[in-house]
file input.txt (compact mmCIF, C-alpha atoms and all ligand atoms)
# COMPACT_ATOMS: atom_id res chain seq x y z
CA MET T 1418 -49.06 -225.55 125.49
CA ILE T 1419 -52.40 -223.99 124.52
CA GLU T 1420 -52.42 -220.89 122.28
CA GLY T 1421 -53.55 -217.57 123.78
CA THR T 1422 -56.56 -217.34 121.47
CA ASP T 1423 -57.66 -220.85 122.48
CA ILE T 1424 -57.36 -219.94 126.16
CA ARG T 1425 -59.50 -216.85 125.59
CA HIS T 1426 -62.03 -218.96 123.74
CA LEU T 1427 -62.16 -221.53 126.56
CA MET T 1428 -62.53 -218.83 129.23
CA GLY T 1429 -65.03 -216.77 127.24
CA ARG T 1430 -67.59 -219.48 126.49
CA SER T 1431 -70.85 -219.21 128.40
CA LEU T 1432 -71.94 -221.99 130.74
CA GLU T 1433 -75.53 -223.11 131.05
CA LEU T 1434 -76.41 -224.37 134.50
CA PRO T 1435 -78.91 -227.22 135.03
CA CYS T 1436 -81.57 -224.73 136.24
CA GLY T 1437 -81.33 -222.93 132.88
CA ALA T 1438 -79.41 -219.85 134.07
CA GLU T 1439 -76.30 -218.91 132.15
CA LEU T 1440 -72.86 -217.76 133.29
CA LYS T 1441 -71.42 -215.48 130.63
CA ASN T 1442 -67.91 -216.92 130.89
CA ARG T 1443 -65.93 -219.43 132.97
CA LEU T 1444 -64.29 -217.06 135.47
CA VAL T 1445 -65.74 -216.96 138.96
CA LYS T 1446 -64.70 -214.73 141.83
CA SER T 1447 -64.77 -217.21 144.72
CA ALA T 1448 -66.27 -216.38 148.06
CA MET T 1449 -64.13 -214.26 150.31
CA SER T 1450 -65.34 -213.11 153.68
CA ASP T 1451 -64.73 -209.41 153.09
CA SER T 1452 -65.50 -208.26 156.67
CA LEU T 1453 -67.12 -205.17 155.18
CA ALA T 1454 -70.65 -205.37 156.54
CA ASP T 1455 -71.49 -202.81 159.21
CA GLY T 1456 -71.28 -205.05 162.28
CA GLU T 1457 -75.07 -205.28 162.35
CA GLY T 1458 -75.30 -207.64 159.39
CA ASN T 1459 -76.07 -205.01 156.75
CA PRO T 1460 -74.04 -204.00 153.67
CA THR T 1461 -71.92 -200.85 153.60
CA GLU T 1462 -71.33 -198.58 150.63
CA ALA T 1463 -67.69 -199.73 150.54
CA GLN T 1464 -68.81 -203.34 150.29
CA ILE T 1465 -71.20 -202.53 147.46
CA ARG T 1466 -68.38 -200.72 145.59
CA LEU T 1467 -66.16 -203.79 145.95
CA TYR T 1468 -68.64 -206.17 144.32
CA GLU T 1469 -69.43 -203.58 141.66
CA ARG T 1470 -65.73 -203.50 140.78
CA TRP T 1471 -65.63 -207.26 140.25
CA ALA T 1472 -68.77 -207.13 138.12
CA LYS T 1473 -67.34 -204.32 136.00
CA GLY T 1474 -64.10 -206.32 135.89
CA GLY T 1475 -65.83 -208.99 133.82
CA VAL T 1476 -66.46 -211.94 136.15
CA ALA T 1477 -69.31 -214.27 135.21
CA LEU T 1478 -70.15 -214.88 138.85
CA SER T 1479 -69.08 -213.32 142.10
CA ILE T 1480 -69.79 -215.08 145.39
CA ILE T 1481 -70.12 -213.10 148.64
CA GLY T 1482 -68.28 -214.87 151.45
CA GLU T 1483 -70.06 -216.11 154.56
CA VAL T 1484 -73.55 -214.67 154.71
CA GLN T 1485 -75.37 -215.80 157.83
CA GLY T 1486 -78.98 -216.87 158.18
CA ASP T 1487 -78.59 -217.10 161.95
CA PRO T 1488 -76.74 -214.26 163.72
CA ARG T 1489 -75.90 -216.57 166.62
CA PHE T 1490 -73.22 -218.44 164.63
CA PRO T 1491 -71.24 -216.02 162.45
CA GLU T 1492 -67.77 -216.59 161.12
CA LYS T 1493 -66.91 -212.91 161.68
CA PRO T 1494 -68.66 -209.78 162.97
CA GLY T 1495 -68.29 -208.27 159.48
CA ASN T 1496 -70.59 -210.94 157.93
CA LEU T 1497 -73.88 -210.06 156.30
CA VAL T 1498 -77.01 -211.43 157.98
CA PHE T 1499 -80.09 -212.36 155.97
CA SER T 1500 -83.06 -212.38 158.29
CA ALA T 1501 -86.58 -211.01 158.58
CA ASP T 1502 -85.37 -207.60 159.80
CA SER T 1503 -82.41 -207.16 157.42
CA ASP T 1504 -82.06 -203.77 155.73
CA LEU T 1505 -83.70 -204.75 152.46
CA LEU T 1506 -82.93 -201.53 150.63
CA THR T 1507 -79.16 -201.81 151.03
CA LEU T 1508 -79.31 -205.51 150.18
CA GLN T 1509 -81.19 -204.60 147.00
CA ALA T 1510 -78.54 -202.00 146.20
CA LEU T 1511 -75.81 -204.59 146.71
CA ALA T 1512 -77.56 -207.14 144.49
CA ARG T 1513 -78.22 -204.56 141.78
CA ARG T 1514 -74.77 -202.96 141.62
CA ALA T 1515 -72.92 -206.26 142.00
CA SER T 1516 -74.72 -207.72 138.98
CA VAL T 1517 -73.99 -205.00 136.43
CA GLU T 1518 -72.69 -206.10 133.03
CA GLY T 1519 -74.47 -209.43 133.28
CA ALA T 1520 -72.48 -210.71 136.27
CA HIS T 1521 -74.18 -213.15 138.60
CA ILE T 1522 -74.00 -212.35 142.30
CA TRP T 1523 -74.61 -215.16 144.78
CA PRO T 1524 -74.37 -214.90 148.56
CA GLN T 1525 -72.64 -217.86 150.16
CA LEU T 1526 -75.02 -219.13 152.82
CA GLY T 1527 -72.98 -220.07 155.85
CA HIS T 1528 -73.16 -221.07 159.49
CA ALA T 1529 -69.84 -221.31 161.26
CA GLY T 1530 -70.98 -223.95 163.77
CA ALA T 1531 -68.07 -225.03 165.96
CA LEU T 1532 -65.91 -222.30 164.37
CA SER T 1533 -68.29 -219.43 165.16
CA HIS T 1534 -66.53 -216.25 166.22
CA SER T 1535 -66.29 -216.84 169.95
CA ALA T 1536 -66.46 -213.15 170.94
CA ILE T 1537 -70.04 -213.00 169.67
CA SER T 1538 -71.29 -216.57 169.75
CA ARG T 1539 -71.36 -219.82 171.63
CA PRO T 1540 -69.64 -222.16 169.13
CA THR T 1541 -71.87 -225.18 168.51
CA GLY T 1542 -71.11 -227.98 166.09
CA PRO T 1543 -72.54 -231.40 165.21
CA SER T 1544 -71.02 -232.85 168.42
CA ALA T 1545 -69.78 -231.43 171.70
CA LEU T 1546 -65.97 -231.50 171.54
CA GLN T 1547 -62.92 -230.62 173.55
CA ILE T 1548 -59.68 -230.97 171.59
CA GLY T 1549 -56.75 -229.22 173.27
CA ASP T 1550 -57.81 -225.59 173.71
CA PHE T 1551 -60.66 -225.99 171.29
CA ALA T 1552 -64.17 -226.56 172.66
CA CYS T 1553 -67.68 -226.43 171.26
CA ALA T 1554 -71.18 -227.46 172.28
CA GLY T 1555 -73.15 -230.07 170.33
CA MET T 1556 -76.44 -229.76 168.44
CA SER T 1557 -79.61 -231.54 169.47
CA VAL T 1558 -81.65 -233.39 166.81
CA SER T 1559 -84.14 -230.55 166.90
CA ASP T 1560 -81.31 -228.01 166.29
CA VAL T 1561 -80.24 -230.03 163.26
CA GLU T 1562 -83.78 -230.39 161.96
CA GLN T 1563 -84.17 -226.59 161.93
CA LEU T 1564 -81.18 -226.05 159.64
CA PRO T 1565 -82.87 -226.70 156.26
CA GLN T 1566 -85.50 -224.08 157.03
CA LEU T 1567 -82.83 -221.61 158.14
CA TYR T 1568 -80.95 -221.93 154.84
CA ALA T 1569 -84.21 -221.86 152.86
CA ARG T 1570 -85.34 -218.61 154.51
CA ALA T 1571 -82.00 -216.95 153.74
CA ALA T 1572 -82.15 -218.20 150.14
CA MET T 1573 -85.69 -216.85 149.72
CA LEU T 1574 -84.61 -213.48 151.00
CA ALA T 1575 -81.64 -213.53 148.60
CA LYS T 1576 -84.00 -214.16 145.72
CA GLU T 1577 -86.49 -211.53 146.85
CA VAL T 1578 -83.91 -208.73 147.03
CA GLY T 1579 -82.43 -209.53 143.63
CA PHE T 1580 -79.43 -211.81 144.09
CA THR T 1581 -79.19 -214.11 141.09
CA GLY T 1582 -78.45 -217.35 142.94
CA VAL T 1583 -77.04 -218.74 146.18
CA GLN T 1584 -74.17 -220.96 147.18
CA ILE T 1585 -74.44 -223.31 150.16
CA HIS T 1586 -71.14 -223.41 152.05
CA ALA T 1587 -70.23 -227.00 152.91
CA GLY T 1588 -66.45 -226.57 152.87
CA HIS T 1589 -63.51 -225.26 154.89
CA GLY T 1590 -64.55 -226.65 158.26
CA PHE T 1591 -67.71 -224.59 158.82
CA LEU T 1592 -70.97 -226.18 159.95
CA LEU T 1593 -72.00 -228.36 156.99
CA SER T 1594 -68.35 -229.28 156.45
CA GLN T 1595 -68.23 -230.23 160.15
CA PHE T 1596 -71.17 -232.57 159.59
CA LEU T 1597 -69.28 -234.19 156.71
CA SER T 1598 -66.11 -234.58 158.76
CA PRO T 1599 -65.70 -237.56 161.11
CA LEU T 1600 -63.43 -235.34 163.18
CA PHE T 1601 -66.25 -232.98 164.15
CA ASN T 1602 -69.21 -235.27 163.62
CA ARG T 1603 -69.26 -237.97 166.33
CA ARG T 1604 -73.03 -238.39 166.23
CA ASN T 1605 -74.58 -241.82 166.35
CA ASP T 1606 -78.04 -240.83 165.14
CA GLN T 1607 -79.25 -240.49 161.54
CA TYR T 1608 -76.85 -237.54 160.98
CA GLY T 1609 -73.60 -239.31 161.91
CA GLY T 1610 -71.61 -242.42 160.96
CA SER T 1611 -71.29 -243.33 157.27
CA ILE T 1612 -70.67 -240.65 154.65
CA GLU T 1613 -74.32 -241.07 153.56
CA ALA T 1614 -75.45 -240.25 157.09
CA ARG T 1615 -72.98 -237.39 157.55
CA ALA T 1616 -74.15 -235.90 154.23
CA ARG T 1617 -77.84 -236.30 155.09
CA ILE T 1618 -78.19 -232.74 156.44
CA VAL T 1619 -76.44 -231.33 153.37
CA VAL T 1620 -78.94 -233.03 151.07
CA GLU T 1621 -81.83 -231.92 153.27
CA VAL T 1622 -80.60 -228.32 153.11
CA ILE T 1623 -80.30 -228.43 149.31
CA ASP T 1624 -83.76 -229.92 148.93
CA ARG T 1625 -85.39 -227.34 151.20
CA VAL T 1626 -83.55 -224.44 149.56
CA ARG T 1627 -84.63 -225.70 146.14
CA ARG T 1628 -88.26 -225.94 147.24
CA ALA T 1629 -88.06 -222.36 148.51
CA VAL T 1630 -86.46 -220.75 145.44
CA GLY T 1631 -88.06 -222.82 142.68
CA PRO T 1632 -86.52 -224.75 139.78
CA ARG T 1633 -85.03 -221.84 137.76
CA PHE T 1634 -82.90 -220.18 140.46
CA PRO T 1635 -79.23 -221.21 140.67
CA VAL T 1636 -78.22 -223.12 143.80
CA GLY T 1637 -74.53 -223.95 144.09
CA ILE T 1638 -72.49 -225.69 146.76
CA LYS T 1639 -68.87 -225.46 147.91
CA ILE T 1640 -67.29 -228.64 149.22
CA ASN T 1641 -63.93 -229.90 150.35
CA SER T 1642 -62.15 -232.49 148.24
CA SER T 1643 -60.66 -233.43 151.61
CA ASP T 1644 -60.15 -231.71 154.94
CA GLN T 1645 -56.37 -232.23 154.65
CA LEU T 1646 -56.52 -233.17 158.30
CA GLU T 1647 -55.93 -236.54 159.95
CA GLY T 1648 -59.29 -238.10 160.80
CA GLY T 1649 -61.19 -235.60 158.63
CA LEU T 1650 -63.11 -235.98 155.37
CA THR T 1651 -61.09 -238.05 152.88
CA GLU T 1652 -61.03 -237.82 149.10
CA ALA T 1653 -62.86 -241.14 148.88
CA ASP T 1654 -65.65 -239.73 151.09
CA ALA T 1655 -65.72 -236.54 149.05
CA LEU T 1656 -66.17 -238.52 145.83
CA GLU T 1657 -69.11 -240.34 147.40
CA LEU T 1658 -70.50 -236.97 148.40
CA VAL T 1659 -70.21 -235.75 144.80
CA ALA T 1660 -72.10 -238.85 143.64
CA MET T 1661 -74.83 -238.01 146.17
CA LEU T 1662 -74.93 -234.38 145.05
CA ASP T 1663 -75.41 -235.63 141.50
CA ARG T 1664 -78.83 -236.87 142.60
CA THR T 1665 -79.80 -233.44 143.97
CA SER T 1666 -80.81 -230.26 142.14
CA VAL T 1667 -77.56 -228.31 142.68
CA ASP T 1668 -76.33 -226.32 139.69
CA LEU T 1669 -72.63 -225.89 140.35
CA ILE T 1670 -70.25 -227.79 142.63
CA GLU T 1671 -67.22 -225.77 143.72
CA VAL T 1672 -64.30 -227.94 144.81
CA SER T 1673 -61.89 -226.68 147.44
CA GLY T 1674 -60.14 -228.20 150.46
CA GLY T 1675 -58.60 -227.59 153.87
CA THR T 1676 -60.17 -226.18 157.00
CA TYR T 1677 -59.90 -223.23 159.34
CA PHE T 1678 -59.75 -225.58 162.35
CA PRO T 1679 -57.08 -224.10 164.69
CA GLY T 1680 -53.68 -225.40 163.66
CA ALA T 1681 -54.93 -227.00 160.42
CA LYS T 1682 -53.97 -226.06 156.89
CA ALA T 1683 -56.43 -223.62 155.31
CA CYS T 1684 -56.64 -223.27 151.54
CA THR T 1685 -55.86 -219.59 151.85
CA ASP T 1686 -52.61 -220.15 153.69
CA ASN T 1687 -51.41 -222.50 150.98
CA VAL T 1688 -48.38 -220.98 149.31
CA ALA T 1689 -47.51 -224.07 147.25
CA SER T 1690 -47.83 -223.64 143.52
CA GLY T 1691 -51.28 -224.53 142.27
CA PRO T 1692 -53.79 -225.16 140.97
CA TYR T 1693 -54.70 -227.56 143.77
CA PHE T 1694 -57.96 -229.35 142.97
CA VAL T 1695 -58.07 -230.05 139.24
CA ASP T 1696 -57.06 -233.71 139.64
CA PHE T 1697 -59.83 -234.28 142.16
CA SER T 1698 -62.29 -232.54 139.84
CA ALA T 1699 -61.27 -234.91 137.04
CA ARG T 1700 -62.20 -237.84 139.29
CA ALA T 1701 -65.41 -236.11 140.37
CA LYS T 1702 -66.33 -235.70 136.68
CA GLN T 1703 -66.63 -239.48 136.50
CA VAL T 1704 -69.47 -239.47 139.03
CA THR T 1705 -71.44 -236.34 138.22
CA CYS T 1706 -72.93 -234.43 135.31
CA ILE T 1707 -73.36 -231.28 137.41
CA PRO T 1708 -70.95 -228.50 136.34
CA LEU T 1709 -67.77 -228.40 138.42
CA GLN T 1710 -65.71 -225.41 139.46
CA ALA T 1711 -62.22 -225.89 140.92
CA THR T 1712 -60.91 -223.12 143.15
CA GLY T 1713 -57.48 -222.74 144.65
CA GLY T 1714 -54.02 -221.82 143.45
CA PHE T 1715 -54.85 -220.47 139.99
CA LYS T 1716 -52.47 -217.63 139.21
CA THR T 1717 -52.12 -217.50 135.43
CA GLY T 1718 -54.35 -217.58 132.39
CA ASP T 1719 -52.37 -220.58 131.12
CA GLN T 1720 -53.31 -222.58 134.23
CA VAL T 1721 -56.96 -221.66 133.79
CA GLY T 1722 -56.84 -222.55 130.09
CA ALA T 1723 -55.21 -225.91 130.80
CA ALA T 1724 -57.80 -226.81 133.45
CA LEU T 1725 -60.69 -225.90 131.15
CA ALA T 1726 -59.09 -227.67 128.18
CA SER T 1727 -58.70 -230.86 130.24
CA ARG T 1728 -62.50 -230.85 130.74
CA ALA T 1729 -61.93 -231.68 134.41
CA VAL T 1730 -63.65 -228.42 135.27
CA ASP T 1731 -66.37 -226.29 133.72
CA ALA T 1732 -65.44 -223.08 135.53
CA VAL T 1733 -62.52 -221.80 137.55
CA GLY T 1734 -62.72 -220.02 140.89
CA LEU T 1735 -60.24 -217.28 141.69
CA ALA T 1736 -59.91 -215.58 145.05
CA ARG T 1737 -56.51 -214.04 145.82
CA THR T 1738 -55.79 -213.40 142.13
CA MET T 1739 -59.04 -211.41 141.90
CA VAL T 1740 -57.98 -209.33 144.89
CA LEU T 1741 -54.67 -208.51 143.27
CA ASN T 1742 -56.50 -207.49 140.09
CA PRO T 1743 -60.28 -207.01 140.28
CA ALA T 1744 -60.39 -206.45 136.49
CA LEU T 1745 -58.61 -209.72 135.84
CA ALA T 1746 -61.47 -211.37 133.93
CA ASN T 1747 -61.68 -208.56 131.37
CA ASP T 1748 -57.89 -208.41 131.12
CA TRP T 1749 -57.57 -212.14 130.44
CA LEU T 1750 -60.56 -212.24 128.09
CA SER T 1751 -59.18 -209.36 126.05
CA GLY T 1752 -55.78 -210.97 125.74
CA GLN T 1753 -53.91 -208.84 128.24
CA ALA T 1754 -52.62 -212.01 129.76
CA ALA T 1755 -50.35 -210.65 132.48
CA ALA T 1756 -50.79 -212.56 135.71
CA PRO T 1757 -50.84 -210.44 138.87
CA ALA T 1758 -47.60 -210.45 140.83
CA PHE T 1759 -48.19 -212.38 144.04
CA PRO T 1760 -46.61 -210.86 147.15
CA ARG T 1761 -43.85 -212.87 148.77
CA PHE T 1762 -43.70 -213.01 152.53
CA GLU T 1763 -40.61 -214.16 154.43
CA THR T 1764 -42.42 -215.69 157.38
CA VAL T 1765 -46.12 -216.30 157.58
CA PRO T 1766 -47.76 -216.12 161.03
CA PRO T 1767 -50.99 -218.19 161.34
CA GLY T 1768 -53.89 -216.36 159.72
CA GLY T 1769 -51.51 -213.76 158.25
CA ILE T 1770 -52.36 -214.37 154.61
CA THR T 1771 -56.11 -214.20 155.18
CA ALA T 1772 -55.74 -211.01 157.23
CA TRP T 1773 -53.51 -209.41 154.59
CA TYR T 1774 -55.90 -210.16 151.75
CA THR T 1775 -58.87 -209.05 153.84
CA MET T 1776 -57.24 -205.68 154.50
CA LEU T 1777 -56.41 -205.38 150.79
CA LEU T 1778 -60.11 -206.03 150.08
CA THR T 1779 -60.91 -203.00 152.25
CA ALA T 1780 -58.42 -200.93 150.25
CA LEU T 1781 -60.01 -202.12 146.99
CA ALA T 1782 -63.44 -201.21 148.31
CA ASN T 1783 -62.17 -197.71 149.08
CA GLY T 1784 -60.26 -197.39 145.81
CA ASN T 1785 -56.92 -196.82 147.53
CA GLU T 1786 -55.19 -200.14 146.86
CA SER T 1787 -52.25 -198.40 145.16
CA ARG T 1788 -51.25 -197.03 148.57
CA PHE T 1789 -51.67 -200.38 150.36
CA GLU T 1790 -48.39 -201.21 152.10
CA VAL T 1791 -49.10 -203.42 155.06
CA ASP T 1792 -46.97 -206.27 156.42
CA LEU T 1793 -48.54 -209.45 157.72
CA SER T 1794 -48.32 -208.64 161.44
CA SER T 1795 -49.85 -205.19 160.90
CA ALA T 1796 -52.59 -206.78 158.76
CA ILE T 1797 -53.42 -209.18 161.59
CA ARG T 1798 -53.53 -206.32 164.10
CA LEU T 1799 -55.72 -204.09 161.91
CA TYR T 1800 -58.02 -206.99 161.12
CA GLU T 1801 -58.41 -207.96 164.79
CA GLU T 1802 -58.92 -204.37 165.98
CA ARG T 1803 -61.69 -203.85 163.46
CA ASP T 1804 -63.32 -207.16 164.43
CA GLU T 1805 -63.27 -206.11 168.07
CA MET T 1806 -65.09 -202.88 167.27
CA ARG T 1807 -67.59 -204.71 165.11
CA SER T 1808 -68.15 -207.34 167.82
CA ALA T 1809 -69.40 -204.60 170.15
CA ASN T 1810 -71.91 -203.50 167.46
CA TRP T 1811 -72.91 -207.09 166.87
CA ARG T 1812 -73.63 -207.71 170.56
CA GLU T 1813 -75.68 -204.56 170.73
CA ARG T 1814 -77.67 -205.51 167.64
CA PHE T 1815 -78.13 -209.24 168.16
CA GLY T 1816 -77.69 -209.61 171.90
CA GLN T 1817 -75.12 -211.32 174.06
CA ALA T 1818 -73.96 -214.75 172.89
C1 LIG T 1901 -59.50 -213.06 152.53
C2 LIG T 1901 -60.10 -214.39 152.19
C3 LIG T 1901 -61.35 -214.73 152.70
C4 LIG T 1901 -61.94 -215.95 152.35
N1 LIG T 1901 -63.21 -216.22 152.80
C5 LIG T 1901 -63.86 -217.31 152.31
C6 LIG T 1901 -65.24 -217.51 152.58
O1 LIG T 1901 -65.91 -216.70 153.23
N2 LIG T 1901 -65.82 -218.60 152.06
C7 LIG T 1901 -65.13 -219.50 151.30
O2 LIG T 1901 -65.71 -220.49 150.83
N3 LIG T 1901 -63.84 -219.35 151.03
C8 LIG T 1901 -63.20 -218.25 151.49
N4 LIG T 1901 -61.90 -218.05 151.13
C9 LIG T 1901 -61.22 -219.05 150.32
C10 LIG T 1901 -61.32 -218.74 148.83
O3 LIG T 1901 -62.65 -218.76 148.33
C11 LIG T 1901 -60.53 -219.77 148.03
O4 LIG T 1901 -61.12 -221.05 148.21
C12 LIG T 1901 -59.06 -219.83 148.46
O5 LIG T 1901 -58.54 -218.54 148.71
C13 LIG T 1901 -58.20 -220.50 147.40
O6 LIG T 1901 -58.31 -219.81 146.17
P1 LIG T 1901 -57.14 -218.83 145.63
O7 LIG T 1901 -55.90 -219.64 145.55
O8 LIG T 1901 -57.63 -218.36 144.28
O9 LIG T 1901 -56.98 -217.72 146.60
C14 LIG T 1901 -61.28 -216.85 151.49
C15 LIG T 1901 -60.02 -216.49 150.98
C16 LIG T 1901 -59.44 -215.28 151.31
C17 LIG T 1901 -58.11 -214.91 150.71
call {"tool": "encode", "arguments": {"input": "input.txt", "output": "structure tokens", "more": "lines below"}}
Ligand SMILES: Cc1cc2nc3c(=O)[nH]c(=O)nc-3n(C[C@H](O)[C@H](O)[C@H](O)COP(=O)(O)O)c2cc1C
result
Amino acid sequence: MIEGTDIRHLMGRSLELPCGAELKNRLVKSAMSDSLADGEGNPTEAQIRLYERWAKGGVALSIIGEVQGDPRFPEKPGNLVFSADSDLLTLQALARRASVEGAHIWPQLGHAGALSHSAISRPTGPSALQIGDFACAGMSVSDVEQLPQLYARAAMLAKEVGFTGVQIHAGHGFLLSQFLSPLFNRRNDQYGGSIEARARIVVEVIDRVRRAVGPRFPVGIKINSSDQLEGGLTEADALELVAMLDRTSVDLIEVSGGTYFPGAKACTDNVASGPYFVDFSARAKQVTCIPLQATGGFKTGDQVGAALASRAVDAVGLARTMVLNPALANDWLSGQAAAPAFPRFETVPPGGITAWYTMLLTALANGNESRFEVDLSSAIRLYEERDEMRSANWRERFGQA
């Protein structure tokens, strides 16, 4: 058992990233797709308030879930879009207010690929697939070759408007994770086959993003320790991937797992007691010197302290816990060690947990979380109704899929 003061010391130490940037402590608000953009890819005032709350709440780094460089393949119609005609002034306001008190704010650069929101896209992954009810088109070599530039352009824009870093999303079954997964990636060209070949596009994206933003700007990546799906990315593959990432210029590797493939287990729907990925991180530590962040299942300060003390991880990612208490970092760092009470749900319909937390994010953004009393089915309904409205805006703004 580690003493409270030791835990505070472990959490409160700064972390220098390979690019030279510093995180002021070890507590990271992991990416959550907040569905709070305006349906045309631009930030809303509510969204800005949400990230400002986390910054004021003491996090070292807050990551904005699923920001798209290409509006044709969003995860949700509430995603931000970083493109040539983005509303730069509101993006600047988001970057500025989300980085108060020395917090870093990084957009998570995504592309949903085969899991793009079908109401506003034509889902397209590494390979054309038809599995049960699930279907997607496949990418040509030229489509794949354009990806590094797409991510690099979004990263440049992030830097220009004042974000303090970027994270490349290569986890949870979205496009780069699909490339890594033998389940989605059936290609037999240079981008498919062995783990080296499946990871080729990931390395190309990192290299191009790095060239665009320069050596001093933080570039992180989120990966799966495994897809937790038969035929998907295995832990052995993921360890090889970490060894490959060690030879790139990434600054922080966030370890997660699971996918949002229909019917599969997503990290968010995991109700088992955590934390989930510290053991994998300990193995990853053997093959990389790049700082590691484990995310998933952390609920108490003791768990965070133990993970940091074990040296398996350099930082800890918190998602649901940070929704339940956006001032958690300051509370833990000042010794108010109470862990937020997690809600208990009798039965959990698919997607229910994600929808519930997403609607609570909206309440946090509007400052009325104390009146938030929504059951899982109502959360799903509210979430879907809002997405439907936003999809209409999206189609108007970006055209028919
Ligand atoms: C509402 C919600 C939205 C999420 N959206 C994203 C996302 O956009 N990108 C991502 O990498 N992870 C996303 N996640 C997953 C979290 O970052 C995290 O990996 C997962 O919730 C496990 O951490 P936790 O146990 O601290 O919640 C989301 C989680 C929640 C609850």
call {"tool": "closest_residue", "arguments": {"input": "input.txt", "among": "T:Phe1697, T:Tyr1568, T:Tyr1677, T:Phe1634", "to": "ligand LIG 1901 (chain T)", "atoms": "only C-alpha atoms and all ligand atoms"}}
result
T:Tyr1677
call {"tool": "closest_residue", "arguments": {"input": "input.txt", "among": "T:Gly1609, T:Gly1637, T:Pro1524, T:Pro1599", "to": "T:Thr1651", "atoms": "all atoms listed in the file"}}
result
T:Pro1599
call {"tool": "closest_residue", "arguments": {"input": "input.txt", "among": "T:Thr1764, T:Thr1676, T:Gln1817, T:Thr1541", "to": "ligand LIG 1901 (chain T)", "atoms": "all atoms listed in the file"}}
result
T:Thr1676
call {"tool": "atom_distance", "arguments": {"input": "input.txt", "atom1": "atom CA of T:Val1704", "atom2": "atom O9 of ligand LIG 1901 (chain T)"}}
result
26.2 Å
call {"tool": "residues_near_ligand", "arguments": {"input": "input.txt", "ligand": "ligand LIG 1901 (chain T)", "cutoff": "8 Å", "atoms": "all atoms listed in the file", "output": "PDB file with C-alpha atoms, in the frame of the given file"}}
result
ATOM      1  CA  LYS T1446     -64.700-214.730 141.830  1.00  0.00           C
ATOM      2  CA  SER T1447     -64.770-217.210 144.720  1.00  0.00           C
ATOM      3  CA  ALA T1448     -66.270-216.380 148.060  1.00  0.00           C
ATOM      4  CA  MET T1449     -64.130-214.260 150.310  1.00  0.00           C
ATOM      5  CA  SER T1450     -65.340-213.110 153.680  1.00  0.00           C
ATOM      6  CA  ASP T1451     -64.730-209.410 153.090  1.00  0.00           C
ATOM      7  CA  ILE T1481     -70.120-213.100 148.640  1.00  0.00           C
ATOM      8  CA  GLY T1482     -68.280-214.870 151.450  1.00  0.00           C
ATOM      9  CA  GLU T1483     -70.060-216.110 154.560  1.00  0.00           C
ATOM     10  CA  GLN T1525     -72.640-217.860 150.160  1.00  0.00           C
ATOM     11  CA  HIS T1586     -71.140-223.410 152.050  1.00  0.00           C
ATOM     12  CA  GLY T1588     -66.450-226.570 152.870  1.00  0.00           C
ATOM     13  CA  HIS T1589     -63.510-225.260 154.890  1.00  0.00           C
ATOM     14  CA  LYS T1639     -68.870-225.460 147.910  1.00  0.00           C
ATOM     15  CA  SER T1673     -61.890-226.680 147.440  1.00  0.00           C
ATOM     16  CA  GLY T1674     -60.140-228.200 150.460  1.00  0.00           C
ATOM     17  CA  CYS T1684     -56.640-223.270 151.540  1.00  0.00           C
ATOM     18  CA  THR T1685     -55.860-219.590 151.850  1.00  0.00           C
ATOM     19  CA  ASP T1686     -52.610-220.150 153.690  1.00  0.00           C
ATOM     20  CA  ASN T1687     -51.410-222.500 150.980  1.00  0.00           C
ATOM     21  CA  GLY T1691     -51.280-224.530 142.270  1.00  0.00           C
ATOM     22  CA  PRO T1692     -53.790-225.160 140.970  1.00  0.00           C
ATOM     23  CA  THR T1712     -60.910-223.120 143.150  1.00  0.00           C
ATOM     24  CA  GLY T1713     -57.480-222.740 144.650  1.00  0.00           C
ATOM     25  CA  GLY T1714     -54.020-221.820 143.450  1.00  0.00           C
ATOM     26  CA  PHE T1715     -54.850-220.470 139.990  1.00  0.00           C
ATOM     27  CA  LYS T1716     -52.470-217.630 139.210  1.00  0.00           C
ATOM     28  CA  GLY T1734     -62.720-220.020 140.890  1.00  0.00           C
ATOM     29  CA  LEU T1735     -60.240-217.280 141.690  1.00  0.00           C
ATOM     30  CA  ALA T1736     -59.910-215.580 145.050  1.00  0.00           C
ATOM     31  CA  ARG T1737     -56.510-214.040 145.820  1.00  0.00           C
ATOM     32  CA  THR T1738     -55.790-213.400 142.130  1.00  0.00           C
ATOM     33  CA  MET T1739     -59.040-211.410 141.900  1.00  0.00           C
ATOM     34  CA  ILE T1770     -52.360-214.370 154.610  1.00  0.00           C
ATOM     35  CA  THR T1771     -56.110-214.200 155.180  1.00  0.00           C
ATOM     36  CA  ALA T1772     -55.740-211.010 157.230  1.00  0.00           C
ATOM     37  CA  TRP T1773     -53.510-209.410 154.590  1.00  0.00           C
ATOM     38  CA  TYR T1774     -55.900-210.160 151.750  1.00  0.00           C
ATOM     39  CA  THR T1775     -58.870-209.050 153.840  1.00  0.00           C
ATOM     40  CA  MET T1776     -57.240-205.680 154.500  1.00  0.00           C
ATOM     41  CA  LEU T1778     -60.110-206.030 150.080  1.00  0.00           C
TER      42      LEU T1778
END
call {"tool": "residues_around", "arguments": {"input": "input.txt", "residues": "T:Pro1494", "least_positions_apart": "5", "cutoff": "9 Å", "atoms": "only C-alpha atoms", "output": "MDAnalysis selection string"}}
result
chainID T and resid 1452 1454:1458 1534 1536:1537 1804:1811
call {"tool": "atom_distance", "arguments": {"input": "input.txt", "atom1": "atom CA of T:Arg1812", "atom2": "atom CA of T:Ala1531"}}
result
18.8 Å
